[in-house]
file data14.tsv (TSV, C-alpha atoms)
chain	number	residue	atom	x	y	z
T	6	MET	CA	119.17	109.60	103.59
T	7	SER	CA	115.76	111.10	104.45
T	8	LYS	CA	115.32	108.51	107.22
T	9	VAL	CA	118.55	109.76	108.82
T	10	ILE	CA	117.45	113.40	108.63
T	11	ILE	CA	113.98	112.72	110.05
T	12	GLY	CA	115.46	110.52	112.80
T	13	SER	CA	117.97	113.21	113.72
T	14	ILE	CA	115.30	115.91	113.94
T	15	ALA	CA	113.08	113.69	116.09
T	16	SER	CA	116.00	112.84	118.39
T	17	LEU	CA	116.94	116.49	118.83
T	18	GLY	CA	113.34	117.42	119.63
T	19	LEU	CA	113.12	114.68	122.24
T	20	ALA	CA	116.47	115.65	123.76
T	21	PHE	CA	115.52	119.34	123.98
T	22	SER	CA	112.13	118.57	125.54
T	23	VAL	CA	113.68	116.30	128.17
T	24	ALA	CA	116.49	118.77	128.89
T	25	SER	CA	114.12	121.73	129.22
T	26	ASP	CA	111.89	119.78	131.64
T	27	GLN	CA	114.89	118.99	133.81
T	28	VAL	CA	116.08	122.61	133.80
T	29	VAL	CA	112.64	123.92	134.79
T	30	ALA	CA	112.37	121.28	137.49
T	31	GLN	CA	115.78	122.19	138.86
T	32	MET	CA	115.09	125.91	138.74
T	33	ASN	CA	111.78	125.61	140.60
T	34	HIS	CA	113.38	123.68	143.43
T	35	GLU	CA	116.27	126.08	143.83
T	36	MET	CA	114.29	129.35	143.64
T	37	PRO	CA	112.67	131.06	146.59
T	38	THR	CA	108.87	130.86	146.73
T	39	THR	CA	108.34	134.49	145.66
T	40	GLU	CA	110.44	134.08	142.50
T	41	ARG	CA	108.78	130.74	141.66
T	42	SER	CA	105.35	132.38	141.52
T	43	LYS	CA	106.67	134.98	139.07
T	44	THR	CA	107.96	132.32	136.65
T	45	THR	CA	104.54	130.66	136.38
T	46	GLN	CA	102.85	133.85	135.17
T	47	PHE	CA	102.55	134.49	131.45
T	48	ARG	CA	104.61	137.25	129.92
T	49	ARG	CA	104.07	138.59	126.46
T	50	ILE	CA	107.19	138.31	124.33
T	51	GLU	CA	107.01	140.46	121.24
T	52	GLN	CA	108.48	138.84	118.12
T	53	PRO	CA	109.32	140.58	114.84
T	54	PHE	CA	106.79	140.07	112.06
T	55	SER	CA	109.42	138.36	109.88
T	56	VAL	CA	109.96	135.65	112.53
T	57	LYS	CA	106.20	135.06	112.82
T	58	GLY	CA	105.92	134.84	109.03
T	59	ALA	CA	108.86	132.43	108.75
T	60	VAL	CA	107.47	130.11	111.45
T	61	THR	CA	104.02	130.14	109.83
T	62	THR	CA	105.47	129.45	106.38
T	63	VAL	CA	107.62	126.55	107.61
T	64	GLY	CA	104.66	125.09	109.52
T	65	LEU	CA	102.37	125.27	106.49
T	66	GLY	CA	105.11	123.75	104.33
T	67	LEU	CA	105.50	120.80	106.71
T	68	ILE	CA	101.72	120.27	106.79
T	69	GLY	CA	101.69	120.28	102.98
T	70	LEU	CA	104.56	117.77	102.91
T	71	GLU	CA	102.68	115.44	105.26
T	72	ILE	CA	99.51	115.64	103.17
T	73	TRP	CA	101.48	114.89	100.01
T	74	TRP	CA	103.41	112.02	101.64
T	75	PHE	CA	100.43	110.21	103.14
T	76	LEU	CA	97.64	111.02	100.69
T	77	LEU	CA	98.96	112.10	97.33
T	78	SER	CA	102.19	110.22	96.67
T	79	LYS	CA	101.38	107.22	94.52
T	80	SER	CA	103.32	104.02	94.80
T	81	LYS	CA	105.34	103.25	91.73
T	82	SER	CA	104.14	100.28	89.76
T	83	GLN	CA	106.25	98.22	87.43
T	84	LYS	CA	105.26	95.63	84.88
T	85	ALA	CA	107.11	92.33	84.98
T	86	GLU	CA	109.18	91.60	81.89
T	87	ALA	CA	108.70	88.27	80.12
T	88	HIS	CA	111.84	86.18	79.44
T	89	ASP	CA	111.47	82.66	78.01
T	90	GLY	CA	107.79	82.53	79.02
T	91	ILE	CA	108.46	83.62	82.61
T	92	GLN	CA	107.41	87.06	83.90
T	93	GLU	CA	110.30	88.26	85.99
T	94	ILE	CA	110.78	91.30	88.21
T	95	ASP	CA	113.47	92.42	90.68
T	96	ILE	CA	112.25	93.82	94.00
T	97	THR	CA	114.58	95.59	96.43
T	98	VAL	CA	113.73	95.15	100.12
T	99	ASP	CA	115.03	98.25	101.92
T	100	GLY	CA	112.65	99.89	104.39
T	101	GLY	CA	109.80	98.48	102.29
T	102	TYR	CA	109.49	97.02	98.81
T	103	GLU	CA	110.63	98.81	95.65
T	104	PRO	CA	108.65	98.58	93.48
T	105	SER	CA	105.77	98.11	95.88
T	106	ARG	CA	103.22	97.52	93.10
T	107	ILE	CA	103.87	95.05	90.32
T	108	LEU	CA	101.80	94.11	87.28
T	109	VAL	CA	101.72	90.56	85.86
T	110	ASN	CA	99.48	88.53	83.53
T	111	ALA	CA	97.30	85.65	84.72
T	112	GLY	CA	98.09	82.09	83.61
T	113	GLN	CA	101.79	82.78	83.02
T	114	ARG	CA	104.64	81.78	85.34
T	115	VAL	CA	105.97	84.60	87.58
T	116	ARG	CA	109.40	84.87	89.21
T	117	LEU	CA	109.88	87.52	91.91
T	118	ASN	CA	113.54	88.20	92.73
T	119	PHE	CA	113.85	89.78	96.18
T	120	LEU	CA	117.13	91.48	97.16
T	121	ARG	CA	117.07	92.30	100.87
T	122	ARG	CA	119.34	95.19	101.89
T	123	ASP	CA	117.58	96.15	105.14
T	124	PRO	CA	118.93	94.30	108.21
T	125	SER	CA	115.61	94.76	110.06
T	126	SER	CA	114.29	91.47	111.44
T	127	CYS	CA	110.82	92.40	110.23
T	128	LEU	CA	111.91	92.17	106.60
T	129	GLU	CA	113.73	88.85	106.83
T	130	GLU	CA	110.65	86.95	105.64
T	131	ILE	CA	108.35	87.46	102.65
T	132	ARG	CA	104.79	86.12	102.61
T	133	LEU	CA	102.36	85.74	99.75
T	134	PRO	CA	99.34	84.42	101.68
T	135	ASP	CA	97.06	83.99	98.65
T	136	PHE	CA	99.59	81.59	97.12
T	137	HIS	CA	100.54	79.89	100.43
T	138	ILE	CA	104.16	81.05	100.12
T	139	ALA	CA	106.46	82.13	102.96
T	140	LYS	CA	110.21	82.37	102.45
T	141	ASN	CA	113.20	83.74	104.36
T	142	LEU	CA	115.18	86.51	102.70
T	143	PRO	CA	118.91	86.39	103.55
T	144	LEU	CA	120.60	89.78	103.80
T	145	ASN	CA	122.30	91.02	100.59
T	146	GLU	CA	121.26	87.94	98.59
T	147	VAL	CA	118.74	87.50	95.81
T	148	THR	CA	115.93	85.11	96.68
T	149	SER	CA	113.68	83.98	93.83
T	150	ILE	CA	110.08	82.92	94.29
T	151	GLY	CA	108.25	81.31	91.41
T	152	PHE	CA	104.53	80.56	91.01
T	153	THR	CA	101.68	80.86	88.50
T	154	PRO	CA	98.76	83.19	89.29
T	155	ASP	CA	95.69	81.64	87.69
T	156	LYS	CA	93.05	84.28	88.43
T	157	PRO	CA	93.11	88.04	87.79
T	158	GLY	CA	92.95	90.17	90.93
T	159	ILE	CA	94.98	92.11	93.43
T	160	TYR	CA	97.18	90.10	95.78
T	161	THR	CA	99.33	91.40	98.62
T	162	PHE	CA	102.77	90.33	99.73
T	163	THR	CA	103.97	91.27	103.21
T	164	CYS	CA	106.88	91.03	105.58
T	165	GLY	CA	106.85	88.43	108.34
T	166	MET	CA	105.23	90.87	110.80
T	167	ASN	CA	102.67	92.16	108.27
T	168	MET	CA	103.98	95.73	108.65
T	169	TYR	CA	105.43	96.28	105.16
T	170	ARG	CA	103.26	95.50	102.16
T	171	GLY	CA	103.41	95.30	98.44
T	172	VAL	CA	100.74	94.61	95.85
T	173	MET	CA	100.75	92.32	92.86
T	174	GLU	CA	98.07	93.13	90.32
T	175	VAL	CA	97.25	90.17	88.09
T	176	LYS	CA	95.70	91.20	84.77
T	177	PRO	CA	93.63	88.84	82.60
T	178	ALA	CA	95.69	86.95	80.06
T	179	THR	CA	95.75	88.60	76.62
call {"tool": "encode", "arguments": {"input": "data14.tsv", "output": "structure tokens"}}
result
Amino acid sequence: MSKVIIGSIASLGLAFSVASDQVVAQMNHEMPTTERSKTTQFRRIEQPFSVKGAVTTVGLGLIGLEIWWFLLSKSKSQKAEAHDGIQEIDITVDGGYEPSRILVNAGQRVRLNFLRRDPSSCLEEIRLPDFHIAKNLPLNEVTSIGFTPDKPGIYTFTCGMNMYRGVMEVKPAT
């Protein structure tokens, strides 16, 4: 939902900027030279204080949202659940990986169940380079990948284009 809203706002901004450039270009060509020189001079337009305050508040709010989004929002981690000696976790592939950080134990078999809902060609492959695994993810189907991580550490899994990433944290066996 938020992707649609952000995309719509960006599209409107682009459309208005292109349309305003065309209008200015058309106006300058159609106006006499004396009027054209008047339009290039700056004029002070007085705005009410409430409008200035609202614009400033919205701008600061958007800056705060960006800072939170890129610096402060933590990725959700989820511990794999053990069933019959296999650590298993379901990962939804939809504009990224959810959860994007998973916790497993070393020396125990792991099964990652990927459900791809995003039709993007970038997300049609999953790669776990540290385990030499690459597998296609069919749309709207669960694809299971099984392996055993022997050493503790942090391992990444990525899409086929290396644009979307997830992290698998392997803890020492207890």
call {"tool": "residues_around", "arguments": {"input": "data14.tsv", "residues": "Ile94 of chain T", "least_positions_apart": "5", "cutoff": "8 Å", "atoms": "all atoms listed in the file", "output": "list in words"}}
result
Lys84, Ala85, Glu86, Arg116, Leu117 and Asn118 of chain T
call {"tool": "closest_residue", "arguments": {"input": "data14.tsv", "among": "T:Thr153, T:Thr61, T:Asn145, T:Ser82", "to": "Met173 of chain T", "atoms": "only C-alpha atoms"}}
result
T:Ser82
call {"tool": "residues_around", "arguments": {"input": "data14.tsv", "residues": "Asp155 of chain T", "least_positions_apart": "6", "cutoff": "12 Å", "atoms": "all atoms listed in the file", "output": "MDAnalysis selection string"}}
result
chainID T and resid 109:115 135:136 175:178
call {"tool": "residues_around", "arguments": {"input": "data14.tsv", "residues": "Phe119 of chain T", "least_positions_apart": "5", "cutoff": "12 Å", "atoms": "all atoms listed in the file", "output": "number ranges by chain"}}
result
T: 93-99, 101-105, 128-132, 140-151, 162, 164
call {"tool": "closest_residue", "arguments": {"input": "data14.tsv", "among": "T:Ile11, T:Arg170, T:Gly100, T:Pro53", "to": "Ser126 of chain T", "atoms": "all atoms listed in the file"}}
result
T:Gly100
call {"tool": "atom_distance", "arguments": {"input": "data14.tsv", "atom1": "atom CA of Ser55 of chain T", "atom2": "atom CA of Ser16 of chain T"}}
result
27.7 Å
call {"tool": "atom_distance", "arguments": {"input": "data14.tsv", "atom1": "atom CA of Phe54 of chain T", "atom2": "atom CA of Gly18 of chain T"}}
result
24.8 Å
call {"tool": "atom_distance", "arguments": {"input": "data14.tsv", "atom1": "atom CA of Gln46 of chain T", "atom2": "atom CA of Val60 of chain T"}}
result
24.5 Å
